[in-house]
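Structure first, then comments.
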Amino acid sequence: MKHPCEIIYEAGADGLFYGNTDGICRITGKESTGIPFINWVKKTFTDQGFLFPGTIISNEAAFCFDEASDIVMLKSGKDKPQRFRTYSHVIDSNGVWHCFTKSDKSIIYQMILSGAKLVCLTDSGQKHLLFKHKVGLWQLDDIYVNPNIELLSQLHAQMMELLRLGFSQAEIISGKYLQYRILNAGMEKWKTIEQNIKPFRGSQFFTFTTWLLYTQKQQSL
Amino acid sequence: MMSQEQVAENLLWPLWRCVTDEYKTRYKREIWDHFENAVRSAAYTGSLKAYLTNFQGRIPVDLQQQFMKQIRGIVECGMDNEILDWLRDETTYMVMIVRLINQDRKEAYNEQFNDFSPETKFENEDLHS
């Protein structure tokens with residue numbers, strides 16, 4: 001089974017080369033070529049538990065840790081090399097790799113519904129996530145959920161309706177609603193939707209779904 | 001078997017009616033938030049009798065004789081745990097029911113007021129909240 005770093009590298013790195021030292025990659029756990037791990041790793045790297053025994057970081061993995069990537073710059077349409085970790089990474093159902101920011105939530109959501117092959121989303125963009133990704137699951141930062149497109153679309157539709165009725169994302173997440181908003185929206189409508197989403201509140205799937213909420217303004221951007 | 005709506009009508013609505021007029025007037029703008037918070041926080045106990053005591057410790061209440069039968073009906077129904085769960089987890093919904101009952105009552109008085117001369121206007125601080 002391919003490591004997520006290998007999948008992304010194949011999908012869009014165009015054979016980018018960081019080093020030619022042979023060995024076993026501490027990120028992917030596979031034999032490859034790259035840079036000696038000891039030369040690459042910084043003291044600030046704390047995810048030791050995710051490392052394999054080995055001596056190098058492969059070109060595939062190094063690409064996914066790149067702090068100044070021209071390829072991500074081109075994909076994101078920016079004018080300076082970009083950090084790989086800043087972006088949410090999605091490989092769509094056609095095998096095309098995309099880099100997204102939080103303003104692209106509507107597109108990300110549509111891609112997930114269409115059967116995206118790799119979904120690794122970040123809220124803060126501060127941590128390296130992709131090397132921890134588990135292929136086949138949907139990831140949001142440190143949350144991993146089993147793909148369930150039907151449940152996602154049902155929950156998401158209900159939550160979006162609450163947003164449309166004037167409730168805030170914070171209210172939907174917490175379940176603590178302001179009374180005047182309920183009065184404005186209509187109690188029956190609110191109650192019906194809230195009853196449907198309430199059983200999922202507190203679950204990781206619920207958190208994942210709420211992250212994918214967007215306002216209509218965002219959608220039109 | 002008691003429902004959330006019945007608890008709202010027969011416990012929370014009487015409690016709302018018994019909140020002192022002075023308190024309702026003083027906290028006119030945020031009285032419903034106070035009420036919701038009191039309903040929720042008082043429910044962190046093990047029995048409905050203790051709930052009543054807790055509630056009275058959070059908001060000044062003058063329990064009126066006319067509501068005692070309704071309140072007792074809930075407090076002594078033997079569903080303490082389930083009702084306390086509702087009061088903690090379904091607070092907003094149950095308080096909204098009370099709020100709507102209050103609104104209906106307000107409208108009913110307004111209709112009554114429109115039908116009669118201004119002198120017959122029923123003065124009650126409850127209706128202003």
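All residue names refer to the structure tokens as shown: chains lettered A, B, ... in order, residues numbered from 1 in each chain, ligands numbered from 1 in order.
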Test item, helix (DSSP H, G or I) assignment across region 73-106 of chain A, answer as JSON, numbers by chain: {"A": [73, 74, 75, 76, 84, 85, 86, 102, 103, 104, 105, 106]}
Store the residues picked out above in a file with C-alpha atoms, as a compact mmCIF listing (two decimals), in the first residue's frame.
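Saved file result-v7.txt follows:
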```txt
# COMPACT_ATOMS: atom_id res chain seq x y z
CA MET A 73 2.97 28.13 -5.13
CA LEU A 74 1.83 27.42 -8.68
CA LYS A 75 -1.13 25.34 -7.53
CA SER A 76 -2.31 27.97 -5.07
CA PHE A 84 3.20 22.48 2.09
CA ARG A 85 1.65 22.28 5.57
CA THR A 86 -0.30 25.53 5.14
CA LYS A 102 -10.18 27.49 4.27
CA SER A 103 -11.89 29.77 1.79
CA ASP A 104 -12.32 26.81 -0.57
CA LYS A 105 -14.58 24.79 1.71
CA SER A 106 -17.44 24.57 -0.76
```
Show me, as JSON lines, the residues of chain A having an atom within 9 Å of chain B, each with the closest atom pair and its distance in Å, using only C-alpha atoms.
```
{"residue": "A:Lys176", "atom": "CA", "partner": "B:Thr92", "partner_atom": "CA", "distance": 7.5}
{"residue": "A:Tyr177", "atom": "CA", "partner": "B:Thr92", "partner_atom": "CA", "distance": 7.1}
{"residue": "A:Leu178", "atom": "CA", "partner": "B:Thr92", "partner_atom": "CA", "distance": 8.2}
{"residue": "A:Gln179", "atom": "CA", "partner": "B:Met96", "partner_atom": "CA", "distance": 7.0}
{"residue": "A:Ile182", "atom": "CA", "partner": "B:Met96", "partner_atom": "CA", "distance": 8.1}
{"residue": "A:Leu183", "atom": "CA", "partner": "B:Met96", "partner_atom": "CA", "distance": 8.1}
{"residue": "A:Met187", "atom": "CA", "partner": "B:Met96", "partner_atom": "CA", "distance": 7.7}
{"residue": "A:Lys191", "atom": "CA", "partner": "B:Tyr93", "partner_atom": "CA", "distance": 7.5}
```
Run DSSP on the backbone and grab whatever in region 26-181 of chain A lands in strand (DSSP E or B); send it over as a list in words.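 Put together, the selection reads Glu31, Ser32, Thr33, Gly34, Ile35, Pro36, Ile56, Ile57, Ser58, Ser69, Gln82, Ser88, His89, Val90, Ile91, Trp97, His98, Cys99, Phe100, Leu118, Val119, Cys120, Leu121, Trp138, Gln139, Leu140, Ile143, Tyr144 and Val145 of chain A.
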If we count only C-alpha atoms, what is near Gly175 (chain A) at a cut-off of 8 Å, once residues fewer than 3 positions away on the same chain are taken out, given as JSON, numbers by chain? {"A": [171, 172, 198, 201]}
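Here CA of Ser93 (chain A) is placed at a distance of 21.0 Å from CA of Trp211 (chain A).
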Pick the closest to Phe55 (chain B) from B:Lys106, B:Lys28, B:Arg72, B:His34: which is it, counting only C-alpha atoms? B:His34
Shortest interatomic distance to Thr215 (chain A) - which of A:Ile197, A:Leu162, A:Ala68, A:Leu152, counting only C-alpha atoms: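 Using only C-alpha atoms, the shortest distance to Thr215 (chain A) belongs to A:Leu162.
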Can you list, as a ChimeraX atom specification, every protein, DNA or RNA residue that comes within 12 Å of Pro14 (chain B) when you count only C-alpha atoms, leaving out same-chain residues fewer than 4 positions away? /B:6-10,18-20,52,61-74,95,98-99,101-102,126
Now that the selection is made, can you save its residues with N, CA and C atoms as a tab-separated table (two decimals), in the first residue's frame?
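Written out: part_33.tsv:
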```tsv
chain	number	residue	atom	x	y	z
B	6	GLN	N	-44.85	18.83	28.43
B	6	GLN	CA	-45.64	18.86	29.67
B	6	GLN	C	-44.83	19.45	30.83
B	7	VAL	N	-43.55	19.08	30.87
B	7	VAL	CA	-42.70	19.62	31.94
B	7	VAL	C	-42.56	21.13	31.77
B	8	ALA	N	-42.41	21.56	30.52
B	8	ALA	CA	-42.31	23.01	30.28
B	8	ALA	C	-43.59	23.72	30.72
B	9	GLU	N	-44.72	23.13	30.39
B	9	GLU	CA	-46.01	23.78	30.70
B	9	GLU	C	-46.33	23.74	32.18
B	10	ASN	N	-45.99	22.63	32.82
B	10	ASN	CA	-46.45	22.45	34.20
B	10	ASN	C	-45.41	22.69	35.29
B	18	CYS	N	-43.87	32.74	38.61
B	18	CYS	CA	-43.59	33.05	40.02
B	18	CYS	C	-42.31	33.86	40.22
B	19	VAL	N	-41.55	34.07	39.14
B	19	VAL	CA	-40.37	34.94	39.27
B	19	VAL	C	-40.87	36.33	39.64
B	20	THR	N	-40.24	36.94	40.61
B	20	THR	CA	-40.78	38.21	41.12
B	20	THR	C	-40.78	39.29	40.04
B	52	LEU	N	-36.10	22.37	42.78
B	52	LEU	CA	-36.91	23.54	43.13
B	52	LEU	C	-36.14	24.47	44.07
B	61	VAL	N	-38.06	33.91	43.55
B	61	VAL	CA	-39.35	33.34	43.14
B	61	VAL	C	-40.33	33.43	44.32
B	62	ASP	N	-41.55	33.86	44.04
B	62	ASP	CA	-42.63	33.78	45.04
B	62	ASP	C	-43.58	32.67	44.59
B	63	LEU	N	-43.40	31.48	45.14
B	63	LEU	CA	-44.27	30.37	44.69
B	63	LEU	C	-45.71	30.66	45.07
B	64	GLN	N	-46.57	30.70	44.08
B	64	GLN	CA	-47.97	31.04	44.32
B	64	GLN	C	-48.82	29.78	44.44
B	65	GLN	N	-49.80	29.86	45.32
B	65	GLN	CA	-50.65	28.73	45.61
B	65	GLN	C	-51.33	28.19	44.34
B	66	GLN	N	-51.71	29.09	43.45
B	66	GLN	CA	-52.45	28.67	42.25
B	66	GLN	C	-51.65	27.71	41.36
B	67	PHE	N	-50.31	27.72	41.49
B	67	PHE	CA	-49.49	26.85	40.63
B	67	PHE	C	-49.00	25.59	41.35
B	68	MET	N	-49.27	25.51	42.65
B	68	MET	CA	-48.68	24.43	43.43
B	68	MET	C	-49.09	23.03	42.94
B	69	LYS	N	-50.34	22.91	42.51
B	69	LYS	CA	-50.81	21.59	42.09
B	69	LYS	C	-50.04	21.13	40.83
B	70	GLN	N	-49.88	22.06	39.89
B	70	GLN	CA	-49.14	21.75	38.66
B	70	GLN	C	-47.69	21.36	38.98
B	71	ILE	N	-47.05	22.18	39.80
B	71	ILE	CA	-45.64	21.93	40.13
B	71	ILE	C	-45.50	20.59	40.85
B	72	ARG	N	-46.41	20.36	41.82
B	72	ARG	CA	-46.34	19.10	42.56
B	72	ARG	C	-46.54	17.90	41.62
B	73	GLY	N	-47.40	18.06	40.65
B	73	GLY	CA	-47.66	16.99	39.68
B	73	GLY	C	-46.39	16.53	38.98
B	74	ILE	N	-45.50	17.48	38.70
B	74	ILE	CA	-44.23	17.14	38.05
B	74	ILE	C	-43.22	16.61	39.07
B	95	VAL	N	-37.39	26.16	27.47
B	95	VAL	CA	-37.59	27.58	27.80
B	95	VAL	C	-38.29	28.29	26.64
B	98	VAL	N	-41.91	27.88	27.04
B	98	VAL	CA	-42.42	28.83	28.05
B	98	VAL	C	-42.55	30.21	27.43
B	99	ARG	N	-41.54	30.57	26.67
B	99	ARG	CA	-41.53	31.90	26.05
B	99	ARG	C	-42.71	32.07	25.09
B	101	ILE	N	-45.54	30.36	25.26
B	101	ILE	CA	-46.77	30.42	26.06
B	101	ILE	C	-46.96	31.85	26.56
B	102	ASN	N	-45.85	32.44	26.99
B	102	ASN	CA	-45.91	33.82	27.50
B	102	ASN	C	-46.35	34.78	26.40
B	126	ASP	N	-45.14	40.69	34.11
B	126	ASP	CA	-44.90	39.50	33.31
B	126	ASP	C	-45.01	39.78	31.82
```
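As for CA of Lys78 (chain A) and CA of Phe45 (chain A), they are spaced 27.0 Å apart.
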Rank A:Met159, A:Ile24, A:Ile149, A:Ala62 by their smallest atom-to-atom distance to Tyr9 (chain A), using only C-alpha atoms, and report the top residue only. A:Ala62
Compile the contact shell of Leu113 (chain A) as a list in words: residues with an atom at most 9 Å away, counting only C-alpha atoms, same-chain residues fewer than 3 positions apart removed. Ile108, Tyr109, Gln110, Ala116, Ile149, Glu150, Leu152 and Ser153 of chain A
Could the residues in this selection be saved with C-alpha atoms as a PDB file, in the first residue's frame?
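Dumped to out.pdb:
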```pdb
ATOM      1  CA  ILE A 108     -13.556  20.717  -0.898  1.00  0.00           C
ATOM      2  CA  TYR A 109     -17.025  19.571   0.144  1.00  0.00           C
ATOM      3  CA  GLN A 110     -18.078  18.937  -3.448  1.00  0.00           C
ATOM      4  CA  ALA A 116     -12.144  12.137  -3.392  1.00  0.00           C
ATOM      5  CA  ILE A 149     -20.716  10.323   1.996  1.00  0.00           C
ATOM      6  CA  GLU A 150     -24.411   9.769   2.720  1.00  0.00           C
ATOM      7  CA  LEU A 152     -21.896  13.706   5.490  1.00  0.00           C
ATOM      8  CA  SER A 153     -24.341  15.073   2.930  1.00  0.00           C
TER       9      SER A 153
END
```
When you look at Ala11 (chain A) with a cut-off of 8 Å (counting only C-alpha atoms), what residues show up, excluding the ones that are within fewer than 3 positions of it in the same chain? I need them as a list of chain:residue names. A:Ile7, A:Ile8, A:Asp14, A:Gly95, A:Val96, A:Trp97
Expected file contents, prior selection, N, CA and C atoms, as a PDB file, in the first residue's frame:
```pdb
ATOM      1  N   ILE A   7       1.769   9.022  -2.719  1.00  0.00           N
ATOM      2  CA  ILE A   7       0.603   9.294  -3.576  1.00  0.00           C
ATOM      3  C   ILE A   7       0.645  10.743  -4.073  1.00  0.00           C
ATOM      4  N   ILE A   8       0.898  11.664  -3.140  1.00  0.00           N
ATOM      5  CA  ILE A   8       0.942  13.084  -3.518  1.00  0.00           C
ATOM      6  C   ILE A   8       2.122  13.343  -4.461  1.00  0.00           C
ATOM      7  N   ASP A  14       6.263  15.998 -10.081  1.00  0.00           N
ATOM      8  CA  ASP A  14       7.057  15.991 -11.315  1.00  0.00           C
ATOM      9  C   ASP A  14       8.487  15.511 -11.088  1.00  0.00           C
ATOM     10  N   GLY A  95      -8.010  11.563  -9.594  1.00  0.00           N
ATOM     11  CA  GLY A  95      -6.592  11.414  -9.276  1.00  0.00           C
ATOM     12  C   GLY A  95      -5.815  12.716  -9.352  1.00  0.00           C
ATOM     13  N   VAL A  96      -6.515  13.838  -9.438  1.00  0.00           N
ATOM     14  CA  VAL A  96      -5.824  15.136  -9.519  1.00  0.00           C
ATOM     15  C   VAL A  96      -5.638  15.701  -8.114  1.00  0.00           C
ATOM     16  N   TRP A  97      -4.412  16.165  -7.857  1.00  0.00           N
ATOM     17  CA  TRP A  97      -4.082  16.704  -6.538  1.00  0.00           C
ATOM     18  C   TRP A  97      -4.413  18.208  -6.484  1.00  0.00           C
TER      19      TRP A  97
END
```
Please list as JSON, numbers by chain every residue within 12 Å of Leu87 (chain B), counting only C-alpha atoms and excluding residues in the same chain fewer than 6 positions away. {"B": [3, 4, 5, 7, 8, 11, 12, 35, 36, 37, 38, 39, 40, 41, 42, 43, 44, 45, 47, 48, 51, 52, 55, 80, 81, 93, 94, 95]}
Distance criterion (only C-alpha atoms): nearest to Val72 (chain A) out of A:Asn20, A:Ser203, A:Thr101, A:Ser168: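 Distance minimum relative to Val72 (chain A) lands on A:Thr101.
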Of the listed residues A:Pro81, A:Pro36, A:Pro147, A:Gly202, that which approaches Gly54 (chain A) most closely, counting only C-alpha atoms: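 Closest residue, counting only C-alpha atoms: A:Pro36.
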Which one is closest to Leu51 (chain A): A:Lys127, A:Lys132, A:His98, A:His89? Count only C-alpha atoms. A:Lys132
